[in-house]
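Here is the file start-v4.txt (compact mmCIF, C-alpha atoms).
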# COMPACT_ATOMS: atom_id res chain seq x y z
CA MET K 234 15.82 -5.75 37.11
CA THR K 235 17.60 -5.12 33.81
CA ALA K 236 20.14 -2.29 33.89
CA ARG K 237 19.24 0.63 31.68
CA ARG K 238 21.69 1.02 28.80
CA ARG K 239 23.60 4.28 28.84
CA ILE K 240 23.12 6.36 25.69
CA ARG K 241 26.35 7.66 24.19
CA ARG K 242 26.40 10.92 22.24
CA GLU K 243 29.07 12.76 20.29
CA GLN K 244 29.04 15.80 18.06
CA GLY K 245 31.55 17.80 16.08
CA GLU K 246 32.24 19.74 12.92
CA ALA K 247 32.67 17.77 9.70
CA SER K 248 32.96 18.49 6.00
CA LEU K 249 32.55 16.80 2.64
CA ALA K 250 34.72 17.70 -0.35
CA LEU K 251 32.63 18.26 -3.48
CA PRO K 252 33.63 19.12 -7.08
CA ASP K 253 32.24 22.65 -6.66
CA GLY K 254 33.46 23.31 -3.12
CA ARG K 255 33.17 22.00 0.42
CA LEU K 256 30.06 21.20 2.42
CA ASP K 257 30.52 21.96 6.12
CA TYR K 258 28.05 20.44 8.58
CA LEU K 259 27.50 19.49 12.21
CA LEU K 260 27.65 15.73 12.76
CA LYS K 261 25.75 14.42 15.79
CA ARG K 262 26.15 10.73 16.68
CA SER K 263 24.03 8.82 19.18
CA SER K 264 23.96 5.18 20.23
CA ALA K 265 20.17 5.51 20.45
CA ARG K 266 19.78 6.24 16.73
CA ARG K 267 19.20 3.56 14.10
CA THR K 268 19.05 5.66 10.92
CA LEU K 269 20.68 8.69 9.32
CA SER K 270 18.82 11.99 9.06
CA LEU K 271 19.59 15.34 7.48
CA GLY K 272 18.33 18.83 8.25
CA VAL K 273 19.01 22.55 8.14
CA ASP K 274 18.60 24.65 11.29
CA ASP K 275 17.22 28.20 11.58
CA GLN K 276 20.66 29.70 10.93
CA GLY K 277 21.08 27.76 7.67
CA ARG K 278 23.52 25.28 9.20
CA VAL K 279 23.48 21.72 7.86
CA ARG K 280 23.09 19.00 10.52
CA VAL K 281 23.48 15.25 10.14
CA ASN K 282 22.28 12.80 12.82
CA ALA K 283 23.87 9.36 12.69
CA PRO K 284 24.05 6.14 14.69
CA MET K 285 27.24 5.94 16.73
CA ALA K 286 28.84 3.15 14.67
CA THR K 287 28.05 4.50 11.20
CA PRO K 288 31.30 4.76 9.19
CA GLN K 289 32.20 8.13 7.70
CA SER K 290 32.04 6.67 4.19
CA ALA K 291 28.35 5.83 4.70
CA ILE K 292 27.66 9.37 5.96
CA ASP K 293 29.45 10.84 2.92
CA ALA K 294 27.41 8.64 0.56
CA PHE K 295 24.19 9.66 2.37
CA LEU K 296 25.02 13.35 1.87
CA VAL K 297 25.85 12.86 -1.82
CA ARG K 298 22.50 11.10 -2.38
CA HIS K 299 20.66 14.04 -0.81
CA LEU K 300 22.66 16.92 -2.29
CA ASP K 301 19.88 18.01 -4.65
CA TRP K 302 17.37 18.20 -1.78
CA LEU K 303 19.87 20.00 0.39
CA ARG K 304 20.71 22.61 -2.24
CA ARG K 305 17.05 23.27 -3.01
CA HIS K 306 16.33 23.65 0.71
CA LEU K 307 19.23 26.05 1.26
CA ALA K 308 18.37 28.10 -1.84
CA ALA K 309 14.76 28.51 -0.66
CA ARG K 310 15.77 30.02 2.67
CA PRO K 311 15.15 33.78 3.01
CA ALA K 312 18.20 36.02 3.12
CA PRO K 313 19.38 37.03 6.61
CA PHE K 314 17.76 40.21 7.88
CA ALA K 315 19.89 43.29 7.20
CA TRP K 316 19.98 45.80 10.07
CA ALA K 317 20.37 48.77 7.75
CA ASP K 318 19.02 52.29 8.07
CA GLY K 319 15.46 52.40 6.72
CA ALA K 320 14.83 48.65 7.07
CA ALA K 321 11.21 47.66 7.69
CA LEU K 322 10.55 46.16 11.12
CA PRO K 323 7.25 44.29 11.65
CA TYR K 324 5.32 45.35 14.74
CA LEU K 325 1.72 44.56 15.73
CA GLY K 326 0.77 43.80 12.14
CA GLY K 327 2.24 47.04 10.80
CA GLN K 328 5.75 48.31 10.18
CA LEU K 329 8.33 50.48 11.85
CA ARG K 330 11.31 51.99 10.08
CA LEU K 331 14.74 51.36 11.54
CA THR K 332 16.59 54.64 12.06
CA LEU K 333 20.28 54.45 12.92
CA VAL K 334 21.91 57.23 14.94
CA THR K 335 25.41 57.80 16.27
CA GLY K 336 26.21 57.24 19.91
CA PRO K 337 25.19 54.61 22.45
CA GLY K 338 21.84 54.13 24.11
CA PRO K 339 18.77 51.87 24.11
CA ALA K 340 16.34 51.62 21.21
CA ARG K 341 13.42 54.06 21.41
CA LEU K 342 10.17 54.48 19.53
CA ALA K 343 9.64 57.79 17.70
CA ASP K 344 6.33 57.87 15.80
CA ASP K 345 6.67 55.08 13.22
CA ARG K 346 10.43 54.73 13.62
CA LEU K 347 12.57 52.59 15.90
CA VAL K 348 15.68 54.62 16.66
CA CYS K 349 18.76 52.49 17.44
CA PRO K 350 22.50 53.12 17.87
CA ALA K 351 24.30 52.43 14.60
CA GLY K 352 26.98 50.33 16.26
CA ALA K 353 24.58 48.01 18.06
CA ALA K 354 21.32 48.16 16.15
CA GLU K 355 20.47 44.47 16.32
CA ALA K 356 21.10 44.08 20.06
CA ALA K 357 19.22 47.29 20.89
CA ALA K 358 16.26 46.43 18.65
CA LEU K 359 15.93 42.89 20.00
CA ALA K 360 16.02 44.17 23.59
CA TRP K 361 13.24 46.63 22.69
CA TYR K 362 11.17 43.88 21.02
CA ARG K 363 11.47 41.63 24.06
CA ALA K 364 10.41 44.42 26.41
CA GLU K 365 7.43 45.21 24.18
CA ALA K 366 6.55 41.53 23.96
CA ARG K 367 6.49 41.24 27.75
CA ARG K 368 4.16 44.23 27.97
CA VAL K 369 1.87 43.44 25.02
CA LEU K 370 1.62 39.67 25.42
CA GLY K 371 1.14 39.93 29.17
CA ALA K 372 -1.70 42.40 28.68
CA CYS K 373 -3.31 40.17 26.04
CA LEU K 374 -3.13 37.10 28.30
CA ALA K 375 -4.63 39.04 31.22
CA ALA K 376 -7.44 40.44 29.06
CA ALA K 377 -8.32 37.03 27.61
CA CYS K 378 -8.44 35.46 31.07
CA ARG K 379 -10.70 38.24 32.37
CA GLU K 380 -13.06 37.83 29.43
CA LEU K 381 -13.17 34.06 29.75
CA GLY K 382 -13.43 34.02 33.55
CA LEU K 383 -10.17 32.10 33.95
CA ALA K 384 -7.47 32.45 36.56
CA GLU K 385 -4.43 33.98 34.87
CA PRO K 386 -1.71 31.30 34.59
CA PRO K 387 1.99 32.01 35.06
CA TRP K 388 3.73 32.72 31.80
CA ARG K 389 7.14 33.37 30.27
CA LEU K 390 8.63 34.65 27.04
CA SER K 391 9.84 32.00 24.61
CA ASP K 392 12.61 32.20 22.01
CA ALA K 393 11.46 29.18 19.97
CA ARG K 394 12.00 29.30 16.21
CA THR K 395 9.23 26.86 15.26
CA ARG K 396 6.44 27.38 17.82
CA TRP K 397 4.37 30.43 18.73
CA GLY K 398 3.29 29.12 22.11
CA SER K 399 3.46 26.24 24.55
CA LEU K 400 2.11 25.02 27.88
CA SER K 401 4.47 23.27 30.29
CA ALA K 402 3.57 20.28 32.45
CA LYS K 403 3.39 22.71 35.40
CA GLY K 404 0.87 24.94 33.63
CA VAL K 405 3.25 27.72 32.60
CA VAL K 406 2.28 29.38 29.30
CA GLY K 407 5.16 30.12 26.93
CA LEU K 408 4.62 32.88 24.37
CA ASN K 409 7.14 33.55 21.61
CA TRP K 410 8.41 37.14 21.85
CA ARG K 411 8.23 37.38 18.04
CA LEU K 412 4.43 37.33 18.35
CA VAL K 413 4.64 41.07 19.05
CA LYS K 414 5.28 41.46 15.31
CA ALA K 415 1.91 39.85 14.47
CA THR K 416 -1.53 41.45 14.48
CA PRO K 417 -3.49 41.73 17.75
CA ALA K 418 -5.97 39.15 16.43
CA GLU K 419 -3.18 36.66 15.76
CA ILE K 420 -1.68 37.27 19.21
CA ASP K 421 -5.09 36.72 20.78
CA TYR K 422 -5.49 33.43 18.88
CA VAL K 423 -2.14 32.06 20.15
CA VAL K 424 -2.98 33.09 23.72
CA ARG K 425 -6.37 31.34 23.56
CA HIS K 426 -4.81 28.34 21.82
CA GLU K 427 -2.58 27.85 24.88
CA LEU K 428 -5.41 28.54 27.33
CA ALA K 429 -7.39 25.76 25.66
CA HIS K 430 -4.55 23.40 26.60
CA LEU K 431 -5.39 23.98 30.25
CA ARG K 432 -8.38 21.69 29.67
CA HIS K 433 -6.97 19.44 26.92
CA ARG K 434 -3.23 18.77 26.82
CA ASP K 435 -3.41 17.06 23.42
CA HIS K 436 -4.64 18.20 19.99
CA SER K 437 -7.69 15.95 19.96
CA PRO K 438 -11.03 16.92 18.41
CA ALA K 439 -12.18 17.93 21.90
CA TYR K 440 -9.23 20.29 22.15
CA TRP K 441 -10.05 22.00 18.84
CA ARG K 442 -13.66 22.36 19.92
CA GLU K 443 -12.37 24.18 23.00
CA VAL K 444 -10.20 26.43 20.80
CA ALA K 445 -13.25 27.23 18.66
CA ARG K 446 -15.21 28.10 21.80
CA LEU K 447 -12.49 30.40 23.11
CA CYS K 448 -11.60 31.88 19.70
CA PRO K 449 -14.39 31.46 17.11
CA ASP K 450 -12.28 32.96 14.28
CA TYR K 451 -9.18 30.87 15.04
CA ARG K 452 -8.92 29.28 11.59
CA ALA K 453 -8.37 32.61 9.84
CA ALA K 454 -5.81 33.77 12.42
CA ARG K 455 -3.96 30.46 12.25
CA ALA K 456 -3.84 30.60 8.45
CA ARG K 457 -2.46 34.16 8.48
CA LEU K 458 0.24 33.21 10.98
CA ARG K 459 1.28 30.24 8.90
CA ALA K 460 1.42 32.30 5.71
CA ASP K 461 3.51 35.02 7.35
CA ALA K 462 5.72 32.83 9.53
CA ALA K 463 8.94 33.24 7.50
CA ARG K 464 8.78 37.05 7.68
CA LEU K 465 7.87 37.18 11.36
CA MET K 466 10.56 34.67 12.29
CA ALA K 467 13.28 36.34 10.19
CA PHE K 468 14.98 37.70 13.31
Can you present the structure in this file as structure tokens?
Amino acid sequence: MTARRRIRREQGEASLALPDGRLDYLLKRSSARRTLSLGVDDQGRVRVNAPMATPQSAIDAFLVRHLDWLRRHLAARPAPFAWADGAALPYLGGQLRLTLVTGPGPARLADDRLVCPAGAAEAAALAWYRAEARRVLGACLAAACRELGLAEPPWRLSDARTRWGSLSAKGVVGLNWRLVKATPAEIDYVVRHELAHLRHRDHSPAYWREVARLCPDYRAARARLRADAARLMAF
């Protein structure tokens, strides 16, 4: 039996000096890679993936060739969310207004305002969102299963930045906590999308027929989620 080759990986901070400044990036090397790739993560950080033996000069030349693409991509990213008094917070398809107050304490809902401590607004608001997501998404999953006559599967909250839902190999449904910002119809679509995977683990035509059976208006909900993804994923 042939021994399996061990994959080597390394990563570290790197930078490239440019006429107008310095480009900082995360360089990730792997002996399993054969080509260079470039990307920008959800925090706006540049990442370069390279084969283990690629010389630094080749990586620098690769970055220079793709500088125009990289600058366009970075410029198109939305500005980071500002946790300022009066900021609009998406919630169930509508909006709450962030209200900052002095003193410690958890975030609390007051009519159409989310009241948070001024010194820890982001942490308090995100904790509130996660608690609401557990309540709202859990209720939506339970209601859909009752309506469809399905046994309710185990589920968990997800923190993914590119996926609204998932289904693990063990049948655990993952629902992105940021879904609580979307409309109830969009939440219901994602829930039923994942329930359809209980019968079809792929995205074959048979799978999409099952989605259409469980959620006849899924195309409209999916289109709205795609159109609004940047705003809903902003924090």
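Every protein or nucleic acid residue with an atom no more than 9 Å from region 245-250 of chain K, counting only C-alpha atoms and leaving out same-chain residues fewer than 4 positions away, appears here: Gly254, Arg255, Leu256, Asp257, Tyr258, Leu259, Leu260, Lys261, Arg262, Asp293, Leu296 and Val297 of chain K.
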- Task: Fewer than 4 positions away in the same chain doesn't count, so skip those; otherwise give me all residues within 9 Å of Gly277 (chain K), counting only C-alpha atoms, as number ranges by chain.
- Result: K: 273, 307, 310
- Which residue out of K:His299, K:Arg394, K:Arg239, K:Arg368 has the minimum interatomic distance to Asp274 (chain K) when all atoms listed in the file are used?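 With all atoms listed in the file as the atom set, the closest residue is K:Arg394.
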- Query: What is the CA of Ala286 (chain K) to CA of Arg267 (chain K) distance in Å?
  - Reply: 9.7 Å
- Message: Given all atoms listed in the file as the basis, pick out the residue of K:Gln328, K:Thr395, K:Asn282, K:Ser437 nearest to Ala415 (chain K).
- Response: K:Gln328
- Item | Coordinates-based distance that separates CA of Glu355 (chain K) from CA of Arg457 (chain K) (Å, one decimal) |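 So the two atoms, CA of Arg457 (chain K) and CA of Glu355 (chain K), lie 26.3 Å apart.
Using all atoms listed in the file, the nearest neighbour of Leu408 (chain K) within the list K:Ala351, K:Leu381, K:Cys373, K:Ala429 is K:Cys373.
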- Item | Distance in Å - CA of Glu427 (chain K) versus CA of Ala364 (chain K) |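 Straight-line distance from CA of Glu427 (chain K) to CA of Ala364 (chain K) works out to 21.1 Å.
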- Message: Measuring between all atoms listed in the file, which one of K:Arg305, K:Arg425, K:Arg280, K:Arg241 shows the shortest distance to Tyr440 (chain K)?
- Response: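 Checking each of K:Arg305, K:Arg425, K:Arg280, K:Arg241 against Tyr440 (chain K), counting all atoms listed in the file, the winner is K:Arg425.
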- Nearest to Arg363 (chain K) among K:Asp435, K:Arg459, K:Phe468, K:Val406, with distances taken over all atoms listed in the file: which residue is it?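 Among K:Asp435, K:Arg459, K:Phe468, K:Val406, it is K:Phe468 that comes nearest to Arg363 (chain K).
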- Distance criterion (all atoms listed in the file): nearest to Ala354 (chain K) out of K:Ala467, K:Val281, K:Leu331, K:Val369: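 Ranking K:Ala467, K:Val281, K:Leu331, K:Val369 by distance to Ala354 (chain K), first place goes to K:Leu331.
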- Query: Which neighbours of Pro339 (chain K) fall inside 9 Å, counting only C-alpha atoms, when residues of the same chain fewer than 6 positions from it are skipped, and could you give them as a list in words?
  - Reply: Val348, Cys349, Pro350, Ala357, Ala358, Ala360 and Trp361 of chain K
Would you export the selected residues with C-alpha atoms as a short mmCIF file (atom, residue, chain, number, x, y, z; two decimals), keeping the file's coordinate frame, please?
data_model
loop_
_atom_site.label_atom_id
_atom_site.label_comp_id
_atom_site.auth_asym_id
_atom_site.auth_seq_id
_atom_site.Cartn_x
_atom_site.Cartn_y
_atom_site.Cartn_z
CA VAL K 348 15.68 54.62 16.66
CA CYS K 349 18.76 52.49 17.44
CA PRO K 350 22.50 53.12 17.87
CA ALA K 357 19.22 47.29 20.89
CA ALA K 358 16.26 46.43 18.65
CA ALA K 360 16.02 44.17 23.59
CA TRP K 361 13.24 46.63 22.69
#
- Task: Please work out which residues fall within 10 Å of (-4.1, 32.0, 12.2), coordinates as given in the file, with only C-alpha atoms counting, and return them as an MDAnalysis selection string.
- Result: chainID K and resid 418:423 450:461
- Task: Could you give me, as a list of chain:residue names, the residues that have an atom at most 9 Å away from the point (21.5, 3.2, 18.9) in the coordinates of the file, using only C-alpha atoms?
- Result: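 In the file's frame, the residues around the point are K:Ile240, K:Arg241, K:Ser263, K:Ser264, K:Ala265, K:Arg266, K:Arg267, K:Thr268, K:Pro284, K:Met285, K:Ala286.
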